[in-house]
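Participant: Data: model.cif, mmCIF, C-alpha atoms.
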data_entry
loop_
_atom_site.label_atom_id
_atom_site.label_comp_id
_atom_site.auth_asym_id
_atom_site.auth_seq_id
_atom_site.Cartn_x
_atom_site.Cartn_y
_atom_site.Cartn_z
CA MET A 26 -38.65 17.65 -4.34
CA GLU A 27 -34.91 18.05 -4.72
CA SER A 28 -32.92 15.00 -3.62
CA VAL A 29 -30.20 15.33 -0.97
CA PRO A 30 -26.70 14.57 -2.35
CA LYS A 31 -25.00 11.50 -0.95
CA HIS A 32 -22.12 12.10 1.42
CA LEU A 33 -18.76 10.28 1.39
CA LEU A 34 -16.45 10.33 4.41
CA LEU A 35 -12.82 9.63 3.52
CA PHE A 36 -10.39 8.58 6.25
CA ALA A 37 -6.78 9.47 5.47
CA ALA A 38 -3.69 10.69 7.29
CA THR A 39 -2.51 13.21 4.69
CA THR A 40 -3.85 15.68 2.15
CA GLY A 41 -1.96 14.35 -0.86
CA TYR A 42 -2.59 13.31 -4.44
CA GLN A 43 -4.93 10.39 -3.77
CA ILE A 44 -7.28 12.49 -1.65
CA ARG A 45 -7.51 15.12 -4.40
CA VAL A 46 -8.50 12.40 -6.87
CA PHE A 47 -11.25 11.20 -4.51
CA ALA A 48 -12.44 14.80 -4.13
CA ASP A 49 -12.48 15.40 -7.88
CA ALA A 50 -14.42 12.17 -8.46
CA ALA A 51 -16.93 13.16 -5.80
CA ARG A 52 -17.48 16.54 -7.53
CA ARG A 53 -18.09 14.83 -10.89
CA LEU A 54 -20.63 12.50 -9.31
CA GLY A 55 -22.38 15.25 -7.37
CA VAL A 56 -21.38 13.72 -4.03
CA ASP A 57 -20.61 15.69 -0.87
CA PHE A 58 -17.12 14.89 0.35
CA THR A 59 -15.51 15.24 3.77
CA LEU A 60 -12.05 14.25 4.91
CA ALA A 61 -11.55 12.73 8.36
CA THR A 62 -7.87 13.13 9.22
CA ASP A 63 -5.58 13.04 12.21
CA ARG A 64 -4.16 16.46 11.35
CA CYS A 65 -5.37 19.28 13.58
CA HIS A 66 -5.23 21.79 10.74
CA VAL A 67 -5.67 21.10 7.05
CA LEU A 68 -3.21 23.22 5.10
CA GLU A 69 -4.75 22.39 1.73
CA ASP A 70 -8.50 22.32 1.13
CA PRO A 71 -9.01 21.33 -2.52
CA TRP A 72 -12.66 20.31 -2.08
CA GLY A 73 -13.81 23.49 -0.35
CA ASP A 74 -14.80 21.89 2.95
CA ARG A 75 -13.17 21.71 6.35
CA ALA A 76 -11.77 18.36 7.43
CA ILE A 77 -12.90 16.60 10.58
CA ALA A 78 -10.14 16.04 13.13
CA VAL A 79 -9.95 12.46 14.39
CA LYS A 80 -7.33 10.27 16.07
CA PHE A 81 -6.67 6.98 14.33
CA ASP A 82 -5.22 5.49 17.49
CA ARG A 83 -8.22 6.59 19.60
CA ILE A 84 -11.18 4.79 18.09
CA ARG A 85 -13.82 5.57 20.75
CA GLU A 86 -12.91 9.23 20.94
CA SER A 87 -13.01 9.54 17.15
CA LEU A 88 -16.36 7.76 16.89
CA ASP A 89 -17.79 10.20 19.41
CA THR A 90 -16.65 13.01 17.12
CA LEU A 91 -18.43 11.40 14.18
CA ARG A 92 -21.58 10.38 16.04
CA GLY A 93 -24.67 12.09 14.69
CA MET A 94 -23.00 13.00 11.40
CA ARG A 95 -24.79 11.84 8.24
CA PHE A 96 -22.71 9.94 5.71
CA ASP A 97 -23.70 7.36 3.12
CA ALA A 98 -20.36 5.77 2.35
CA VAL A 99 -16.80 5.55 3.65
CA ALA A 100 -13.41 5.02 2.05
CA ALA A 101 -9.92 4.90 3.51
CA VAL A 102 -6.36 5.62 2.43
CA GLY A 103 -3.88 3.73 4.61
CA ASP A 104 -3.99 0.78 6.99
CA GLN A 105 -4.68 2.65 10.23
CA PRO A 106 -7.36 4.90 8.70
CA ALA A 107 -9.07 1.76 7.33
CA VAL A 108 -9.64 0.51 10.88
CA LEU A 109 -11.42 3.71 11.91
CA ALA A 110 -13.36 3.72 8.64
CA ALA A 111 -14.56 0.20 9.40
CA GLU A 112 -15.67 1.21 12.89
CA ALA A 113 -17.47 4.29 11.55
CA ALA A 114 -19.22 2.27 8.85
CA TRP A 115 -20.33 -0.30 11.43
CA MET A 116 -21.65 2.49 13.67
CA ALA A 117 -23.58 4.02 10.76
CA GLY A 118 -24.83 0.70 9.40
CA ILE A 119 -23.32 1.18 5.94
CA PRO A 120 -21.28 -1.32 3.87
CA PHE A 121 -17.54 -1.62 4.40
CA HIS A 122 -15.15 -4.20 5.77
CA PRO A 123 -15.99 -5.34 9.34
CA PRO A 124 -13.83 -3.76 12.06
CA ALA A 125 -12.36 -7.15 13.06
CA ALA A 126 -11.30 -7.79 9.45
CA ALA A 127 -9.66 -4.37 9.10
CA ARG A 128 -7.77 -4.99 12.34
CA ALA A 129 -6.63 -8.42 11.20
CA CYS A 130 -5.22 -6.91 8.01
CA ARG A 131 -3.04 -4.60 10.13
CA ASP A 132 -1.79 -7.41 12.38
CA LYS A 133 0.70 -9.56 10.49
CA PHE A 134 0.68 -12.25 13.16
CA LEU A 135 -3.11 -12.53 13.38
CA ALA A 136 -3.49 -12.48 9.60
CA ARG A 137 -0.93 -15.29 9.25
CA GLN A 138 -2.98 -17.36 11.69
CA PHE A 139 -6.14 -16.82 9.64
CA TYR A 140 -4.33 -17.76 6.41
CA GLN A 141 -2.88 -20.87 8.00
CA ALA A 142 -6.26 -21.96 9.37
CA ALA A 143 -7.75 -21.55 5.89
CA GLY A 144 -5.13 -23.88 4.41
CA LEU A 145 -3.20 -21.22 2.50
CA ARG A 146 0.52 -21.55 1.93
CA VAL A 147 2.30 -19.47 4.55
CA PRO A 148 5.87 -19.56 5.86
CA GLN A 149 6.75 -20.78 9.32
CA PHE A 150 6.37 -17.82 11.67
CA PHE A 151 6.48 -16.68 15.25
CA ARG A 152 6.05 -13.39 17.08
CA ALA A 153 8.62 -11.81 19.40
CA ARG A 154 9.08 -8.74 21.55
CA LEU A 155 11.96 -6.42 20.85
CA THR A 156 12.81 -6.63 24.54
CA ASP A 157 13.54 -10.37 24.10
CA ASP A 158 17.06 -11.78 23.82
CA PRO A 159 17.87 -11.77 20.08
CA ARG A 160 20.41 -14.59 20.45
CA ALA A 161 17.79 -16.87 21.98
CA LEU A 162 15.32 -15.94 19.25
CA ALA A 163 17.94 -16.60 16.58
CA GLU A 164 18.11 -20.21 17.74
CA CYS A 165 14.37 -20.59 17.04
CA ALA A 166 14.47 -19.27 13.47
CA GLN A 167 14.54 -21.32 10.28
CA TYR A 168 17.11 -19.91 7.84
CA PRO A 169 16.97 -17.96 5.70
CA CYS A 170 14.32 -15.95 7.54
CA VAL A 171 12.75 -12.50 7.39
CA LEU A 172 12.17 -10.15 10.33
CA LYS A 173 9.08 -7.94 9.99
CA PRO A 174 7.91 -5.21 12.40
CA LEU A 175 4.24 -5.82 13.17
CA ASP A 176 3.11 -2.19 12.87
CA LEU A 177 5.01 -0.95 9.81
CA ALA A 178 4.11 -1.12 6.12
CA GLY A 179 5.76 -0.67 2.74
CA SER A 180 8.73 -2.97 3.47
CA ARG A 181 9.98 -0.62 6.19
CA GLY A 182 12.04 -2.53 8.73
CA VAL A 183 11.79 -5.80 6.79
CA ILE A 184 15.18 -7.54 6.76
CA ARG A 185 16.37 -10.96 5.62
CA ALA A 186 18.80 -12.92 7.79
CA ASN A 187 20.71 -15.97 6.55
CA ASN A 188 22.23 -17.05 9.86
CA PRO A 189 22.10 -16.24 13.60
CA THR A 190 24.72 -13.48 13.33
CA GLU A 191 22.67 -11.67 10.66
CA PHE A 192 19.53 -12.27 12.73
CA VAL A 193 20.96 -10.43 15.74
CA ALA A 194 22.14 -7.53 13.56
CA ALA A 195 18.72 -7.29 11.87
CA PHE A 196 16.96 -7.47 15.23
CA GLU A 197 18.95 -4.50 16.52
CA ARG A 198 18.18 -2.42 13.41
CA VAL A 199 14.45 -3.05 13.79
CA LYS A 200 14.67 -2.24 17.49
CA ASN A 201 16.39 1.07 16.74
CA ILE A 202 13.50 2.11 14.49
CA GLY A 203 11.42 2.21 17.65
CA GLU A 204 9.15 -0.79 17.24
CA HIS A 205 7.96 -3.06 20.05
CA HIS A 206 7.09 -6.35 18.33
CA LEU A 207 8.23 -8.19 15.25
CA GLN A 208 7.36 -11.33 13.34
CA VAL A 209 9.98 -13.84 12.23
CA GLU A 210 9.12 -15.81 9.09
CA SER A 211 10.95 -18.35 7.00
CA TYR A 212 11.99 -16.77 3.68
CA ILE A 213 9.82 -17.65 0.67
CA PRO A 214 11.75 -17.79 -2.61
CA GLY A 215 9.98 -16.85 -5.81
CA ARG A 216 8.52 -14.00 -7.84
CA GLU A 217 6.44 -11.34 -6.11
CA PHE A 218 3.10 -9.87 -7.19
CA ALA A 219 0.45 -7.40 -6.05
CA ILE A 220 -3.27 -7.73 -6.70
CA GLU A 221 -5.72 -4.86 -6.65
CA GLY A 222 -9.35 -5.74 -6.14
CA LEU A 223 -12.79 -4.87 -4.84
CA VAL A 224 -14.83 -7.01 -2.47
CA THR A 225 -18.63 -7.05 -2.70
CA GLY A 226 -20.55 -9.15 -0.23
CA GLY A 227 -17.37 -11.09 0.52
CA ARG A 228 -16.71 -11.90 -3.14
CA LEU A 229 -13.47 -10.72 -4.74
CA GLN A 230 -13.52 -8.81 -8.02
CA PRO A 231 -9.89 -8.76 -9.23
CA LEU A 232 -9.01 -5.48 -10.93
CA ALA A 233 -5.32 -5.85 -11.78
CA ILE A 234 -2.34 -8.12 -11.22
CA PHE A 235 0.96 -6.28 -10.92
CA ASP A 236 4.20 -8.05 -11.72
CA LYS A 237 7.17 -6.91 -9.64
CA PRO A 238 9.87 -7.73 -12.19
CA ASP A 239 12.86 -6.87 -10.00
CA ALA A 240 14.14 -9.69 -7.81
CA MET A 241 13.18 -9.14 -4.18
CA GLU A 242 15.58 -11.42 -2.36
CA GLY A 243 16.89 -9.16 0.41
CA PRO A 244 18.53 -8.27 2.63
CA PHE A 245 15.99 -5.43 2.23
CA PHE A 246 12.83 -5.55 0.14
CA GLU A 247 12.53 -2.21 -1.59
CA GLU A 248 9.74 -2.10 -4.13
CA THR A 249 10.61 -0.43 -7.42
CA ILE A 250 8.62 -1.40 -10.53
CA TYR A 251 4.96 -2.46 -10.78
CA VAL A 252 3.71 -3.46 -14.25
CA THR A 253 0.29 -4.66 -15.36
CA PRO A 254 -1.04 -6.80 -16.99
CA SER A 255 0.95 -9.70 -15.65
CA ARG A 256 3.23 -11.56 -18.03
CA GLU A 257 2.74 -14.82 -16.12
CA PRO A 258 0.93 -17.80 -17.69
CA ALA A 259 -2.83 -17.98 -17.20
CA GLU A 260 -2.55 -20.78 -14.64
CA VAL A 261 -0.20 -18.70 -12.46
CA GLN A 262 -2.48 -15.67 -12.64
CA GLN A 263 -5.45 -17.82 -11.72
CA ALA A 264 -3.59 -19.27 -8.74
CA LEU A 265 -2.75 -15.76 -7.52
CA ILE A 266 -6.38 -14.64 -7.81
CA GLU A 267 -7.77 -17.78 -6.16
CA THR A 268 -5.32 -17.45 -3.27
CA THR A 269 -6.29 -13.81 -2.78
CA ALA A 270 -9.98 -14.74 -2.81
CA ARG A 271 -9.36 -17.38 -0.15
CA ALA A 272 -7.46 -14.83 1.94
CA VAL A 273 -10.38 -12.40 1.62
CA ASN A 274 -12.68 -15.11 2.95
CA ALA A 275 -10.24 -16.09 5.72
CA LEU A 276 -10.06 -12.49 6.96
CA GLU A 277 -13.82 -12.03 6.43
CA LEU A 278 -13.38 -8.89 4.36
CA ARG A 279 -16.81 -7.86 3.16
CA ASP A 280 -17.22 -4.67 1.11
CA GLY A 281 -14.49 -2.37 -0.15
CA PRO A 282 -11.03 -2.32 -1.74
CA VAL A 283 -8.30 -4.86 -1.08
CA HIS A 284 -4.60 -4.68 -1.90
CA ALA A 285 -2.80 -8.04 -1.67
CA GLU A 286 0.85 -9.11 -1.85
CA LEU A 287 1.83 -12.63 -2.86
CA ARG A 288 4.76 -14.76 -3.96
CA TYR A 289 4.79 -17.64 -6.43
CA ASN A 290 7.25 -20.50 -6.82
CA SER A 291 7.29 -24.18 -7.81
CA GLU A 292 5.00 -25.02 -4.90
CA GLY A 293 2.36 -22.49 -5.94
CA ALA A 294 1.04 -19.17 -4.61
CA TRP A 295 1.94 -17.97 -1.12
CA MET A 296 -0.10 -15.34 0.68
CA LEU A 297 1.96 -12.54 2.19
CA GLU A 298 -0.43 -9.74 3.15
CA ALA A 299 -3.87 -8.35 2.35
CA ALA A 300 -4.85 -4.78 3.22
CA ALA A 301 -8.37 -3.36 3.60
CA ARG A 302 -7.47 -0.38 1.40
CA PRO A 303 -6.35 0.39 -2.16
CA ILE A 304 -2.76 0.67 -3.37
CA GLY A 305 -1.26 3.77 -1.82
CA GLY A 306 -0.52 7.26 -2.99
CA LEU A 307 0.75 8.08 -6.45
CA CYS A 308 1.00 4.42 -7.47
CA ALA A 309 -2.75 4.38 -8.11
CA ARG A 310 -2.13 6.62 -11.13
CA ALA A 311 -0.83 3.57 -12.98
CA LEU A 312 -4.39 2.20 -13.10
CA ARG A 313 -7.31 3.34 -15.23
CA PHE A 314 -10.60 1.56 -15.73
CA ARG A 315 -13.13 1.56 -18.56
CA SER A 316 -16.84 1.33 -17.88
CA ASP A 317 -19.62 1.23 -20.45
CA THR A 318 -19.49 5.01 -20.76
CA HIS A 319 -16.09 6.41 -19.76
CA ILE A 320 -12.60 5.90 -18.34
CA MET A 321 -12.08 6.43 -14.62
CA SER A 322 -9.40 6.39 -11.97
CA LEU A 323 -9.10 3.70 -9.31
CA GLU A 324 -10.34 6.24 -6.76
CA GLU A 325 -13.50 6.98 -8.75
CA LEU A 326 -14.14 3.26 -9.13
CA ILE A 327 -13.80 2.81 -5.34
CA LEU A 328 -16.09 5.77 -4.70
CA ARG A 329 -18.77 4.42 -7.05
CA HIS A 330 -18.53 1.00 -5.40
CA ALA A 331 -18.77 2.53 -1.91
CA LEU A 332 -21.94 4.36 -2.95
CA GLY A 333 -23.55 1.09 -4.00
CA GLU A 334 -23.09 1.29 -7.75
CA ASP A 335 -22.60 -1.96 -9.67
CA VAL A 336 -19.03 -1.71 -10.99
CA SER A 337 -18.64 -5.36 -11.95
CA ARG A 338 -18.39 -4.44 -15.66
CA ALA A 339 -15.39 -2.13 -15.12
CA ARG A 340 -12.28 -3.37 -16.88
CA LEU A 341 -8.63 -2.37 -16.71
CA GLU A 342 -7.72 0.11 -19.44
CA GLY A 343 -4.74 -1.17 -21.40
CA PRO A 344 -2.84 -2.33 -23.16
CA ALA A 345 -0.21 -2.01 -20.41
CA SER A 346 0.89 0.41 -17.71
CA GLY A 347 3.30 0.66 -14.83
CA VAL A 348 5.02 2.75 -12.22
CA MET A 349 8.53 2.95 -10.82
CA MET A 350 8.94 4.03 -7.21
CA ILE A 351 12.33 5.74 -7.44
CA PRO A 352 14.50 4.29 -4.68
CA ILE A 353 16.64 6.34 -2.32
CA PRO A 354 20.26 5.28 -2.97
CA LYS A 355 21.82 6.59 0.24
CA ASP A 356 21.30 8.46 3.49
CA GLY A 357 21.65 12.19 2.98
CA ILE A 358 20.05 15.58 2.32
CA TYR A 359 18.18 16.00 -0.96
CA GLU A 360 19.50 18.89 -3.05
CA SER A 361 18.25 18.58 -6.63
CA VAL A 362 17.72 16.38 -9.67
CA GLU A 363 18.82 16.64 -13.28
CA GLY A 364 17.32 14.95 -16.32
CA THR A 365 13.60 15.05 -15.63
CA ASP A 366 12.94 16.47 -19.12
CA ARG A 367 15.02 13.72 -20.72
CA ALA A 368 13.29 11.07 -18.62
CA ALA A 369 9.85 12.41 -19.54
CA ALA A 370 10.82 12.38 -23.25
CA VAL A 371 11.51 8.63 -23.25
CA PRO A 372 8.88 6.94 -25.46
CA TRP A 373 5.87 5.57 -23.54
CA ILE A 374 6.61 7.65 -20.43
CA GLU A 375 3.52 9.53 -19.22
CA ASP A 376 4.95 11.48 -16.32
CA VAL A 377 7.91 11.90 -13.98
CA VAL A 378 7.02 13.19 -10.51
CA ILE A 379 9.77 14.07 -8.03
CA THR A 380 8.32 14.12 -4.53
CA ALA A 381 11.54 14.74 -2.58
CA LYS A 382 11.90 18.33 -1.41
CA GLU A 383 15.05 20.43 -1.22
CA GLY A 384 16.60 20.08 2.21
CA GLN A 385 14.68 16.89 3.02
CA ARG A 386 16.52 14.21 4.98
CA LEU A 387 16.48 10.97 3.00
CA LEU A 388 16.69 7.52 4.54
CA PRO A 389 16.86 4.37 2.44
CA LEU A 390 15.30 1.11 3.56
CA PRO A 391 15.02 -0.51 6.00
CA GLU A 392 14.78 2.61 8.16
CA GLY A 393 13.24 4.87 5.51
CA SER A 394 9.63 5.04 4.41
CA SER A 395 9.59 7.24 1.31
CA TYR A 396 10.81 7.46 -2.29
CA LEU A 397 12.50 10.12 -4.39
CA GLY A 398 9.52 10.16 -6.72
CA PHE A 399 7.59 8.17 -9.30
CA ILE A 400 7.82 7.44 -13.02
CA PHE A 401 4.70 6.42 -14.95
CA ALA A 402 4.52 4.66 -18.29
CA ARG A 403 1.79 3.37 -20.58
CA GLY A 404 2.50 1.30 -23.69
CA ASP A 405 1.56 -1.50 -26.03
CA SER A 406 2.91 -4.29 -23.83
CA ALA A 407 4.18 -5.00 -20.33
CA GLU A 408 7.68 -5.46 -21.77
CA THR A 409 7.54 -2.02 -23.40
CA VAL A 410 6.40 -0.37 -20.17
CA ASP A 411 9.05 -2.14 -18.08
CA ALA A 412 11.83 -1.10 -20.46
CA ALA A 413 10.59 2.50 -20.66
CA LEU A 414 10.56 2.89 -16.87
CA ARG A 415 14.14 1.64 -16.65
CA ARG A 416 15.36 3.90 -19.48
CA ALA A 417 13.73 6.93 -17.91
CA HIS A 418 15.30 6.17 -14.54
CA VAL A 419 18.76 6.08 -16.12
CA GLU A 420 18.27 9.68 -17.30
CA LEU A 421 17.82 10.99 -13.75
CA ARG A 422 20.78 12.30 -11.73
CA PHE A 423 20.02 12.99 -8.09
CA HIS A 424 22.22 15.21 -5.94
CA ILE A 425 22.19 14.08 -2.31
CA ALA A 426 24.52 15.69 0.18
CA THR A 427 26.07 13.70 3.00
CA ALA A 428 24.01 14.16 6.14
CA LEU A 429 25.81 15.55 9.15
CA PRO A 430 25.81 13.23 12.17
CA THR A 431 23.24 14.02 14.81
CA PHE A 432 24.81 15.94 17.70
CA MET A 433 24.62 14.00 20.95
CA PRO A 434 25.35 16.17 23.99
CA SER A 435 27.61 14.65 26.61
CA SER A 436 25.98 13.67 29.88
#
Just give me the structure of the file as structure tokens.

Facilitator:
Amino acid sequence: MESVPKHLLLFAATTGYQIRVFADAARRLGVDFTLATDRCHVLEDPWGDRAIAVKFDRIRESLDTLRGMRFDAVAAVGDQPAVLAAEAAWMAGIPFHPPAAARACRDKFLARQFYQAAGLRVPQFFRARLTDDPRALAECAQYPCVLKPLDLAGSRGVIRANNPTEFVAAFERVKNIGEHHLQVESYIPGREFAIEGLVTGGRLQPLAIFDKPDAMEGPFFEETIYVTPSREPAEVQQALIETTARAVNALELRDGPVHAELRYNSEGAWMLEAAARPIGGLCARALRFRSDTHIMSLEELILRHALGEDVSRARLEGPASGVMMIPIPKDGIYESVEGTDRAAAVPWIEDVVITAKEGQRLLPLPEGSSYLGFIFARGDSAETVDAALRRAHVELRFHIATALPTFMPSS
């Protein structure tokens, strides 16, 4: 009797690169694949199946849409999709992170409380409404401090303030983005890192430690270069992994990917955030893993894990790799880029991908939420990869026209 293929349900807000990689991995493994997305119409259909329309901000309604559907595993791309994926997995009785854990990962204030209760190093923090008086709030802050919108990711809206005057200015910028709540934290000095991992039965399997070699001291916290393996001493790497494992336990993450952000200084490792999802978008291309039989992408590794396969023997493929998220230098309209061929010809560079589109309005941080593109490198050492990414970036010349001011009709 012919066996029925297993079915993976992927929750994601877009039909981009990472979803294609999941779909390709599913094909190779003989797994049926369906996308659950909050788009009403899917413009691209690379896996030959129609997506299911859901609403990530309407959990009950979306679960009703999924009720009665057979699926054997779930995965998620993005923080909000991870919450719905957790609810769907709980409804279906299949392994994933618990819904409460996925929600805690999205809530910076709640997560901080869990970390603090578990004895992890966390900054002083408090939550505020953007309808509050910023001058009164400024008197409560410990300087330098960092203002963080509760519902945004990727450093969007995150601003450092060194005194009450800067606090008020930062508060107004966050408010103008359209947020309702923010968290105020004391600034943590030190080097910043990201950890990619899988959780099985509540136990963390670290997959990679990314160094973020550029200083991230503010006033904005734009991420640029990620390089792995880490160049830190073994004791620092161990502290980062142990802190992430304790955060996983504090949040009660159970089964699935985790992406964590930490800082390290003379006092030790400080937990910033943990997400119930993998590293986002094109950045995942910087990672490859070797099993006993072949090399696979991060997405294939996650898919195998979601389907119940033992992936504990998977190891990061080296010697070293990295990615540069090309920052947006100024507000304006994207026109073109020169030098991509020269950048791609730099030794150790694997690819240069420009994601900005002609005519696109570009916004740098803290208001913006995108990059000009990505540069990927793979080499014989982390130092080689770091240097190659920087040399390739120098070769690029972006043409960005000044944006016209938005017309405001008189009342």

Participant: Mind checking which residues fall within 8 Å of Glu112 of chain A, counting all atoms listed in the file, ignoring those fewer than 3 positions away in the same chain, and posting them as a ChimeraX atom specification?

Facilitator: /A:84,88,108-109,115-116,123-124

Participant: Restricting the calculation to only C-alpha atoms, which member of A:Glu191, A:Glu248, A:Glu375, A:Glu420 is positioned closest to Tyr396 of chain A?

Facilitator: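 Closest residue, counting only C-alpha atoms: A:Glu248.
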
Participant: Within 9 Å of (-12.7, -9.5, -5.4) (coordinates as in the file), grab all the protein and nucleic acid residues, counting only C-alpha atoms, and write them out as a PyMOL selection string.

Facilitator: chain A and resi 221-225+227-232+266+269-270+273+282-283

Participant: Selected by the PyMOL selection byres ((chain A and resi 168) around 10) in the shown coordinates: which residues, as number ranges by chain?

Facilitator: A: 163-167, 169-171, 185-189, 192, 210-212

Participant: Between A:Asp132, A:Glu408, A:Asp157, A:Asp97, which residue has the minimum interatomic distance to Ala114 of chain A, considering only C-alpha atoms?

Facilitator: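 Counting only C-alpha atoms, the residue closest to Ala114 of chain A is A:Asp97.
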
Participant: Closest to Ala300 of chain A among A:Gly281, A:Gly55, A:Gly203, A:Gly118, using only C-alpha atoms?

Facilitator: A:Gly281

Participant: Got a sec to resolve the PyMOL selection byres ((chain A and resi 33-47) around 7) on this structure and send the residues as JSON, numbers by chain?

Facilitator: {"A": [31, 32, 48, 49, 50, 51, 56, 57, 58, 59, 60, 61, 62, 63, 69, 71, 96, 97, 98, 99, 100, 101, 102, 103, 106, 110, 306, 307, 324, 325]}

Participant: Give me the residues within 12 Å of Gly347 of chain A as an NGL selection string, counting all atoms listed in the file and dropping any in the same chain fewer than 5 places off.

Facilitator: :A and (233-238 or 249-255 or 307-313 or 342 or 373-376 or 399-415)

Participant: For the PyMOL selection byres ((chain A and resi 382) around 9), applied here, can you spell out every residue it catches as number ranges by chain?

Facilitator: A: 359-361, 379-381, 383-386, 397

Participant: Please produce segment 164-183 of chain A, completed to N, CA and C atoms, as a CSV table (one decimal), in the coordinates of the input.

Facilitator:
chain,number,residue,atom,x,y,z
A,164,GLU,N,18.0,-18.7,17.7
A,164,GLU,CA,18.1,-20.2,17.7
A,164,GLU,C,16.8,-20.8,17.3
A,165,CYS,N,15.7,-20.1,17.4
A,165,CYS,CA,14.4,-20.6,17.0
A,165,CYS,C,14.0,-20.4,15.6
A,166,ALA,N,14.8,-19.6,14.9
A,166,ALA,CA,14.5,-19.3,13.5
A,166,ALA,C,14.9,-20.4,12.5
A,167,GLN,N,14.2,-20.4,11.4
A,167,GLN,CA,14.5,-21.3,10.3
A,167,GLN,C,15.2,-20.4,9.2
A,168,TYR,N,16.4,-20.8,8.8
A,168,TYR,CA,17.1,-19.9,7.8
A,168,TYR,C,17.0,-20.4,6.4
A,169,PRO,N,17.0,-19.4,5.5
A,169,PRO,CA,17.0,-18.0,5.7
A,169,PRO,C,15.6,-17.5,6.2
A,170,CYS,N,15.6,-16.4,7.0
A,170,CYS,CA,14.3,-16.0,7.5
A,170,CYS,C,14.2,-14.5,7.3
A,171,VAL,N,13.0,-13.9,7.6
A,171,VAL,CA,12.8,-12.5,7.4
A,171,VAL,C,12.2,-12.0,8.7
A,172,LEU,N,12.7,-10.8,9.1
A,172,LEU,CA,12.2,-10.2,10.3
A,172,LEU,C,11.3,-9.0,9.9
A,173,LYS,N,10.1,-8.9,10.4
A,173,LYS,CA,9.1,-7.9,10.0
A,173,LYS,C,8.5,-7.2,11.2
A,174,PRO,N,8.6,-5.9,11.3
A,174,PRO,CA,7.9,-5.2,12.4
A,174,PRO,C,6.4,-5.4,12.2
A,175,LEU,N,5.7,-5.6,13.3
A,175,LEU,CA,4.2,-5.8,13.2
A,175,LEU,C,3.5,-4.6,12.8
A,176,ASP,N,3.9,-3.4,13.1
A,176,ASP,CA,3.1,-2.2,12.9
A,176,ASP,C,3.6,-1.3,11.7
A,177,LEU,N,4.5,-1.8,10.9
A,177,LEU,CA,5.0,-1.0,9.8
A,177,LEU,C,4.6,-1.5,8.5
A,178,ALA,N,4.6,-0.7,7.5
A,178,ALA,CA,4.1,-1.1,6.1
A,178,ALA,C,5.1,-0.7,5.1
A,179,GLY,N,4.9,-1.1,3.8
A,179,GLY,CA,5.8,-0.7,2.7
A,179,GLY,C,7.2,-1.2,2.8
A,180,SER,N,7.4,-2.3,3.4
A,180,SER,CA,8.7,-3.0,3.5
A,180,SER,C,9.6,-2.3,4.5
A,181,ARG,N,9.1,-1.3,5.2
A,181,ARG,CA,10.0,-0.6,6.2
A,181,ARG,C,10.3,-1.6,7.3
A,182,GLY,N,11.6,-1.7,7.6
A,182,GLY,CA,12.0,-2.5,8.7
A,182,GLY,C,12.1,-4.0,8.4
A,183,VAL,N,11.8,-4.4,7.2
A,183,VAL,CA,11.8,-5.8,6.8
A,183,VAL,C,13.2,-6.2,6.3
